[in-house]
Structure formats: C-alpha cells, structure tokens
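S.K.: protein18.cif is reproduced in full below (mmCIF, C-alpha atoms).
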data_work
loop_
_atom_site.label_atom_id
_atom_site.label_comp_id
_atom_site.auth_asym_id
_atom_site.auth_seq_id
_atom_site.Cartn_x
_atom_site.Cartn_y
_atom_site.Cartn_z
CA MET A 1 -14.88 -24.60 -14.77
CA LEU A 2 -17.68 -23.27 -16.92
CA GLY A 3 -18.33 -25.11 -20.13
CA PRO A 4 -21.35 -26.31 -22.05
CA ALA A 5 -24.14 -28.18 -20.31
CA PRO A 6 -23.92 -31.94 -20.90
CA THR A 7 -26.02 -33.21 -23.78
CA ASN A 8 -24.70 -36.77 -23.86
CA PRO A 9 -27.10 -39.30 -22.25
CA ASP A 10 -24.15 -41.35 -20.93
CA PRO A 11 -23.22 -40.96 -17.27
CA PRO A 12 -21.31 -37.71 -16.67
CA GLY A 13 -17.55 -37.74 -16.89
CA TYR A 14 -17.11 -40.71 -19.13
CA THR A 15 -17.24 -40.42 -22.92
CA TYR A 16 -18.30 -37.42 -24.93
CA GLY A 17 -17.06 -38.47 -28.35
CA ASP A 18 -16.48 -35.41 -30.50
CA GLU A 19 -18.38 -33.13 -28.08
CA VAL A 20 -16.64 -30.58 -25.91
CA SER A 21 -16.57 -31.93 -22.37
CA PRO A 22 -19.16 -30.33 -20.10
CA GLY A 23 -18.08 -27.72 -17.59
CA TYR A 24 -16.89 -28.87 -14.19
CA VAL A 25 -19.83 -27.17 -12.46
CA TYR A 26 -22.25 -29.26 -14.52
CA LEU A 27 -20.40 -32.50 -13.84
CA ILE A 28 -20.34 -31.93 -10.09
CA SER A 29 -24.04 -31.09 -10.19
CA GLU A 30 -24.75 -34.36 -11.99
CA HIS A 31 -22.77 -36.33 -9.43
CA MET A 32 -24.55 -34.58 -6.54
CA ALA A 33 -27.90 -35.47 -8.13
CA GLY A 34 -26.76 -39.09 -8.25
CA ALA A 35 -25.70 -38.94 -4.61
CA THR A 36 -29.13 -37.70 -3.52
CA GLN A 37 -30.91 -40.47 -5.46
CA SER A 38 -28.73 -43.37 -4.32
CA PRO A 39 -30.44 -45.69 -1.80
CA GLN A 40 -27.10 -46.13 0.03
CA THR A 41 -26.78 -42.40 0.75
CA THR A 42 -27.46 -41.44 4.36
CA PRO A 43 -29.84 -38.59 5.21
CA ASP A 44 -26.87 -36.43 6.26
CA GLN A 45 -25.12 -37.13 2.97
CA ARG A 46 -28.26 -36.23 1.02
CA LYS A 47 -28.61 -33.00 2.97
CA LEU A 48 -24.97 -32.12 2.29
CA ALA A 49 -25.30 -32.97 -1.42
CA VAL A 50 -28.32 -30.66 -1.70
CA GLN A 51 -26.37 -27.87 0.04
CA ILE A 52 -23.39 -28.39 -2.27
CA ASN A 53 -25.67 -28.33 -5.32
CA SER A 54 -27.25 -25.09 -4.13
CA ARG A 55 -23.84 -23.45 -3.65
CA LEU A 56 -22.77 -24.82 -7.01
CA ASP A 57 -25.64 -22.99 -8.68
CA GLU A 58 -24.39 -19.77 -7.05
CA GLU A 59 -20.85 -20.49 -8.27
CA LYS A 60 -22.13 -21.17 -11.78
CA GLY A 61 -23.82 -17.75 -11.78
CA LEU A 62 -20.57 -16.09 -10.65
CA PHE A 63 -18.58 -17.89 -13.35
CA GLU A 64 -21.13 -16.88 -15.99
CA GLN A 65 -20.87 -13.23 -14.90
CA ALA A 66 -17.06 -13.41 -14.94
CA GLN A 67 -17.16 -14.93 -18.43
CA HIS A 68 -19.50 -12.17 -19.60
CA ASP A 69 -17.23 -9.49 -18.10
CA ALA A 70 -14.13 -11.06 -19.66
CA LYS A 71 -15.73 -10.98 -23.11
CA GLN A 72 -16.44 -7.26 -22.70
CA VAL A 73 -12.91 -6.54 -21.45
CA LEU A 74 -11.35 -8.30 -24.40
CA GLY A 75 -12.71 -5.87 -26.98
CA ALA A 76 -10.30 -4.14 -29.41
CA GLN A 77 -9.99 -1.00 -27.28
CA ALA A 78 -9.31 -3.07 -24.17
CA LEU A 79 -6.54 -4.99 -25.94
CA THR A 80 -4.82 -1.71 -26.80
CA LEU A 81 -5.14 -0.63 -23.19
CA LEU A 82 -3.81 -3.97 -21.91
CA ASP A 83 -0.83 -3.73 -24.31
CA ASP A 84 -0.07 -0.24 -23.02
CA LEU A 85 -0.41 -1.46 -19.44
CA ALA A 86 2.06 -4.28 -20.09
CA THR A 87 4.52 -1.86 -21.73
CA GLN A 88 4.34 0.60 -18.84
CA VAL A 89 4.83 -2.11 -16.22
CA GLN A 90 7.75 -3.60 -18.16
CA ASN A 91 9.38 -0.15 -18.45
CA ALA A 92 8.85 0.50 -14.75
CA TYR A 93 10.55 -2.80 -13.93
CA SER A 94 13.42 -2.98 -16.41
CA GLY A 95 13.69 0.61 -17.68
CA GLN A 96 13.76 1.91 -21.23
CA LEU A 97 16.47 1.36 -23.80
CA ASP A 98 18.57 4.44 -24.60
CA PRO A 99 19.08 4.23 -28.38
CA SER A 100 22.34 6.22 -28.25
CA THR A 101 24.04 3.93 -25.72
CA GLY A 102 22.10 0.70 -26.15
CA GLN A 103 21.83 0.53 -22.35
CA SER A 104 18.71 0.25 -20.27
CA GLU A 105 18.08 3.31 -18.15
CA GLY A 106 15.73 3.75 -15.23
CA GLY A 107 13.37 1.17 -13.88
CA ALA A 108 13.40 -0.82 -10.69
CA LEU A 109 16.32 -3.02 -11.80
CA TRP A 110 18.50 0.02 -12.57
CA MET A 111 17.65 1.61 -9.22
CA TYR A 112 18.37 -1.62 -7.35
CA GLY A 113 21.75 -2.01 -9.01
CA ASN A 114 22.73 1.59 -8.38
CA LEU A 115 21.51 1.62 -4.79
CA GLN A 116 24.06 -1.12 -4.14
CA HIS A 117 26.81 1.32 -5.18
CA LEU A 118 25.74 3.75 -2.46
CA ALA A 119 26.37 1.11 0.16
CA ALA A 120 29.93 0.43 -1.07
CA PHE A 121 32.92 2.29 0.31
CA ASP A 122 36.67 2.04 -0.04
CA VAL A 123 38.78 0.79 2.83
CA ARG A 124 42.20 2.51 2.95
CA GLN A 125 45.08 2.38 5.27
CA TYR A 126 45.09 5.10 7.92
CA THR A 127 48.10 7.32 7.46
CA GLY A 128 47.65 9.66 10.41
CA GLN A 129 48.31 13.39 10.46
#
What's the structure tokens form of this structure?
M.R.:
Amino acid sequence: MLGPAPTNPDPPGYTYGDEVSPGYVYLISEHMAGATQSPQTTPDQRKLAVQINSRLDEEKGLFEQAQHDAKQVLGAQALTLLDDLATQVQNAYSGQLDPSTGQSEGGALWMYGNLQHLAAFDVRQYTGQ
C-alpha cells in the first residue's frame, strides 16, 4: 500500500524499469488527479475524485504512522518478546513435551482429548439383584 512516491515521468502504473513500483496510495492519487483534469469527467465525478483524493491523503498518513510503529516494534528487544509470545501461545495450544515420556502434556489439545474421555461410559448388561 505504502511505497515510494513515483519519480518516473511516464503515466502511473505502466513501466518503472529498475525502480521499485510506487505505493498504491500514490498511484490512486495520480489516477484521481487525471480524473479531475479530464474534459469528459462530469462535475459529480470531479467532486467525488477530489473527495477520494482527500481521504487517500488521510489513509497515507495512517499507513505512514503504522509503518513507523512497525519499525519501532521490530527492534531486537521486541523480537525476543515476540518469540516468547509465540512460544507461550504454542505451549498453551499444544502443551509442552515431557522429556521422560516423549509425550506432550497439557495445552488445549490435551484437555480437549481428555475431556472426551469424561463423556464416555461403558454399557453393560443389567444383571438384576
């Protein structure tokens, strides 16, 4: 969505050679500018294109803030924290391996499987007293 601003003088969306393609928000903005300048565009279409371009600028700002936040989150300390988070969630789901038995113990999968045993019962012939 958010990439570099276009620097190629060619019409947007066509060829960029060895350049990285511009971000989607820039390409839409370029197309909206073309729509407002076209003599075939109706006044209602121009008005809508201007509104879309205005909202697109807001979206671009949100994407830039999200990109900035993501760069901060992906620092070395955050990666350690994310690794720990993934480990804890995996253990909560599938349990932890017991090194003495080689079996997984605990976790949501273990509980689910064992809860099924509580619902099972034996059916035996009635022998009377």
S.K.: Which polymer residues have any atom within 9 Å of an atom of Met32 (chain A), counting all atoms listed in the file, with same-chain residues fewer than 5 positions away left out, as a PyMOL selection string?
M.R.: chain A and resi 27+37+46+49-50+52-53
S.K.: Taking (-24.0, -24.4, -14.0) in the file's own coordinates, collect the residues within 6 Å, counting only C-alpha atoms, and hand them back as a list in words.
M.R.: Val25, Tyr26, Asp57 and Lys60 of chain A
S.K.: Only C-alpha atoms, please: the residues just picked out, written as a short mmCIF file (atom, residue, chain, number, x, y, z; two decimals), in the frame of the given file.
M.R.:
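Once written, out.cif looks like this:
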data_model
loop_
_atom_site.label_atom_id
_atom_site.label_comp_id
_atom_site.auth_asym_id
_atom_site.auth_seq_id
_atom_site.Cartn_x
_atom_site.Cartn_y
_atom_site.Cartn_z
CA VAL A 25 -19.83 -27.17 -12.46
CA TYR A 26 -22.25 -29.26 -14.52
CA ASP A 57 -25.64 -22.99 -8.68
CA LYS A 60 -22.13 -21.17 -11.78
#
S.K.: Between CA of Leu109 (chain A) and CA of Ala92 (chain A), what is the distance in Å, rounded to a tenth?
M.R.: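 Rounded to one decimal, the two atoms are 8.8 Å apart.
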S.K.: Just the number, please: distance in Å from CA of Tyr24 (chain A) to CA of Gln65 (chain A), one decimal.
M.R.: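 Answer for the CA of Tyr24 (chain A) to CA of Gln65 (chain A) separation: 16.2 Å.
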S.K.: Using CA of Ala108 (chain A) and CA of Asp83 (chain A) as the two end points, give the distance in Å to one decimal.
M.R.: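 Rounded to one decimal, the two atoms are 19.9 Å apart.
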S.K.: Scan for residues within 12 Å of the point (-19.9, -18.3, -15.2) in the coordinates of the file, using all atoms listed in the file, and reply as a PyMOL selection string.
M.R.: chain A and resi 1-5+23-26+56-71
S.K.: Counting all atoms listed in the file, which residue out of A:Gln90, A:Tyr112, A:Arg55, A:Lys47 sits closest to Ile28 (chain A)?
M.R.: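 Answer, going by the shortest atom-to-atom distance: A:Arg55.
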